[in-house]
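**Student:** One structure, as structure tokens, below. Some questions next.
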Amino acid sequence: ADFGYQEVPYEEKQKRVAGVFDSVAAKYDLMNDLMSMGIHRLWKKFTIELSGVRKGHRVLDIAGGTGDLTLQFSRLVGDEGQVILADINASMLKVGRDRLLDRGYGGNIQFVQANAESLPFPDNHFDVITIAFGLRNVTDKARALKDMARILKPGGRLLVLEFSKPTNPLMSKVYDAYSFTALPFMGKLFAGDSDSYRYLAESIRMHPDQETLKEMMENAGFSDVEYHNMTSGVVALHRGFKL
Ligand code: SAM
């Protein structure tokens, strides 16, 4: 099926998010490695492990950006499977698409411009859905989570990888200092853009903590929701099932 492109409604926050990702798209992968000191690769590796994705699966990578998860899923699902990378931002999609095609992937990958709040897919369609470092940018998170539950097959699972609340006070202090000083500084130095990276720090601080997100997933209809803290809770991976 070809789900095509979708017009997205623009609200204030969405405009701001769009500006940020238009601005960072070209340098996105470099900045990810620099700012996380490469650790985002481990967070993503763990996400792949807990995804249970296997041959023949249909997988949706929401807010997929430049396609780190999509790339791995594409290998795992094989020719009988399908991976859809959905992202609201055309610049990020373009960088992702070029990058994956350069690496010789494409056959089982589709790219769709879509807002996580209204996903242009049929009910009960996907075996696995992921959203990595994307949910905090979404304006109406409850609505987005509900829509994810709608398009998952019964028995399917959702994985949310996102910044969260550090579990110990020292880490919390170090991390706050890092995100509000080092991130904008690096943003200016390497990408000529400190505002976008200040937005990043703010959006991380505003994002619901582990227990709150767990509750939000349960309210959206997910069962057996659990989370795993990584790097002392700087990041958490939430997983829930659709019964
Ligand atoms: N998942 C990738 C990764 O982990 O490297 C990219 C994460 S990047 C920090 C966040 C992505 O979310 C951006 O590509 C942005 O365009 C996308 N995004 C922001 N708001 C969105 C929304 N409402 N619906 C879908 N994607 C959105």
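Ligands are numbered from 1 in the order shown, chains are lettered A, B, ... in the order of the structure tokens, and residues start at 1 in each chain.
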Can you tell me, as a VMD selection string, which residues in region 121-240 of chain A count as helix (DSSP H, G or I) by DSSP?

**Tutor:** chain A and resid 135 to 137 141 to 151 169 to 191 194 to 206 210 to 219 231 to 233

**Student:** Residues within 8 Å of ligand 1 should be enumerated using only C-alpha atoms and all ligand atoms and returned as a ChimeraX atom specification.

**Tutor:** /A:14,17-18,21-22,25,29,32,40,44,61-69,86-93,113-117,131-139,161

**Student:** Keeping only C-alpha atoms, write the selected residues to a file as a short mmCIF file (atom, residue, chain, number, x, y, z; two decimals), in the first residue's frame.

**Tutor:**
data_model
loop_
_atom_site.label_atom_id
_atom_site.label_comp_id
_atom_site.auth_asym_id
_atom_site.auth_seq_id
_atom_site.Cartn_x
_atom_site.Cartn_y
_atom_site.Cartn_z
CA GLN A 14 4.25 22.46 15.80
CA VAL A 17 9.21 22.09 16.27
CA ALA A 18 9.19 22.35 12.49
CA PHE A 21 14.09 20.22 12.76
CA ASP A 22 14.35 22.17 9.50
CA ALA A 25 18.27 18.17 9.71
CA ASP A 29 23.40 12.60 12.91
CA ASN A 32 23.38 13.13 17.99
CA HIS A 40 22.29 7.08 21.73
CA LYS A 44 18.65 2.39 20.29
CA ASP A 61 8.91 4.02 13.10
CA ILE A 62 7.13 7.25 14.06
CA ALA A 63 9.19 10.45 14.18
CA GLY A 64 11.76 8.24 12.49
CA GLY A 65 13.94 11.17 11.42
CA THR A 66 17.14 10.04 9.74
CA GLY A 67 16.21 6.39 10.19
CA ASP A 68 18.54 4.78 12.75
CA LEU A 69 15.81 2.39 13.95
CA ALA A 86 6.90 8.35 9.31
CA ASP A 87 7.94 11.88 10.21
CA ILE A 88 6.19 15.23 10.22
CA ASN A 89 9.17 17.09 8.86
CA ALA A 90 10.04 17.06 5.15
CA SER A 91 13.69 18.06 5.74
CA MET A 92 14.29 15.22 8.19
CA LEU A 93 12.51 12.78 5.87
CA GLN A 113 5.12 12.47 5.97
CA ALA A 114 2.67 12.27 8.84
CA ASN A 115 1.81 13.81 12.17
CA ALA A 116 1.91 11.37 15.08
CA GLU A 117 -1.42 12.80 16.24
CA ILE A 131 8.76 6.40 18.56
CA ALA A 132 12.30 7.38 19.56
CA PHE A 133 13.02 10.86 20.86
CA GLY A 134 9.86 11.98 19.14
CA LEU A 135 7.02 11.96 21.66
CA ARG A 136 8.25 15.01 23.55
CA ASN A 137 7.83 17.07 20.38
CA VAL A 138 4.22 16.02 19.90
CA THR A 139 1.65 18.58 21.01
CA LEU A 161 12.29 5.76 23.74
#

**Student:** Could you give me, as a tab-separated table, a per-residue list for region 31-75 of chain A showing, wherever an atom lies at most 10 Å from an atom of region 171-192 of chain A, the closest pair of atoms and their distance in Å to one decimal, using only C-alpha atoms and sorting by chain then residue number from low to high?

**Tutor:**
residue	atom	partner	partner_atom	distance
A:Met31	CA	A:Phe190	CA	7.7
A:Leu34	CA	A:Met186	CA	8.3
A:Met35	CA	A:Leu183	CA	6.7
A:Ser36	CA	A:Leu183	CA	9.7

**Student:** Write a file of the selected residues as an mmCIF file, in the first residue's frame, keeping C-alpha atoms.

**Tutor:**
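The result, stored in selection13.cif:
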data_model
loop_
_atom_site.group_PDB
_atom_site.id
_atom_site.type_symbol
_atom_site.label_atom_id
_atom_site.label_comp_id
_atom_site.auth_asym_id
_atom_site.auth_seq_id
_atom_site.Cartn_x
_atom_site.Cartn_y
_atom_site.Cartn_z
ATOM 1 C CA MET A 31 25.004 16.279 16.611
ATOM 2 C CA LEU A 34 28.458 14.533 19.749
ATOM 3 C CA MET A 35 25.800 15.471 22.270
ATOM 4 C CA SER A 36 25.155 11.984 23.581
#

**Student:** Could you go through region 82-236 of chain A and tell me which residues DSSP, when run on the backbone, assigns to strand (DSSP E or B), listing them as a ChimeraX atom specification?

**Tutor:** /A:82-87,109-113,126-132,152-163,223-230,235-236

**Student:** Kindly indicate which residue among A:Glu12, A:Glu202, A:Asp127, A:Glu49 lies nearest to Leu152 (chain A), using only C-alpha atoms for the distances.

**Tutor:** A:Asp127

**Student:** Show which residues sit within 8 Å of Asp123 (chain A), as a list in words. Count only C-alpha atoms, and ignore same-chain residues fewer than 3 positions away.

**Tutor:**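 With the cut-off at 8 Å, the set is Arg150, Ile151, Leu152 and Lys153 of chain A.
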
**Student:** Using only C-alpha atoms, find each residue in region 140-174 of chain A having at least one atom no more than 10 Å away from region 215-223 of chain A; report its shortest atom-to-atom pair and that distance in Å (one decimal), rows by chain then rising number, as a tab-separated table.

**Tutor:**
residue	atom	partner	partner_atom	distance
A:Lys141	CA	A:Met216	CA	8.4
A:Ala142	CA	A:Ala220	CA	6.6
A:Arg143	CA	A:Ala220	CA	8.0
A:Ala144	CA	A:Ala220	CA	8.9
A:Leu145	CA	A:Ala220	CA	5.8
A:Lys146	CA	A:Ala220	CA	4.8
A:Asp147	CA	A:Ala220	CA	8.5
A:Met148	CA	A:Ala220	CA	8.7
A:Ala149	CA	A:Gly221	CA	6.7
A:Arg150	CA	A:Gly221	CA	9.1
A:Gly155	CA	A:Ser223	CA	9.9
A:Gly156	CA	A:Phe222	CA	9.9
A:Arg157	CA	A:Phe222	CA	8.5
A:Leu158	CA	A:Phe222	CA	8.3
A:Val160	CA	A:Met217	CA	9.6

**Student:** Hey, which of A:Gln72, A:Arg205, A:Gly78, A:Gly240 ends up closest to Leu100 (chain A)? Count only C-alpha atoms.

**Tutor:**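 That would be A:Gln72, the residue with the smallest distance to Leu100 (chain A).
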
**Student:** Measuring atom to atom with only C-alpha atoms, identify which of A:Asn108, A:Asn229, A:Ser51, A:Ser194 is nearest to Asp79 (chain A).

**Tutor:**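 Checking each of A:Asn108, A:Asn229, A:Ser51, A:Ser194 against Asp79 (chain A), counting only C-alpha atoms, the winner is A:Asn108.
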
**Student:** Excluding same-chain residues fewer than 3 positions from Ser23 (chain A), what lies within 8 Å of it counting only C-alpha atoms, as a PyMOL selection string?

**Tutor:** chain A and resi 19-20+26+193+196
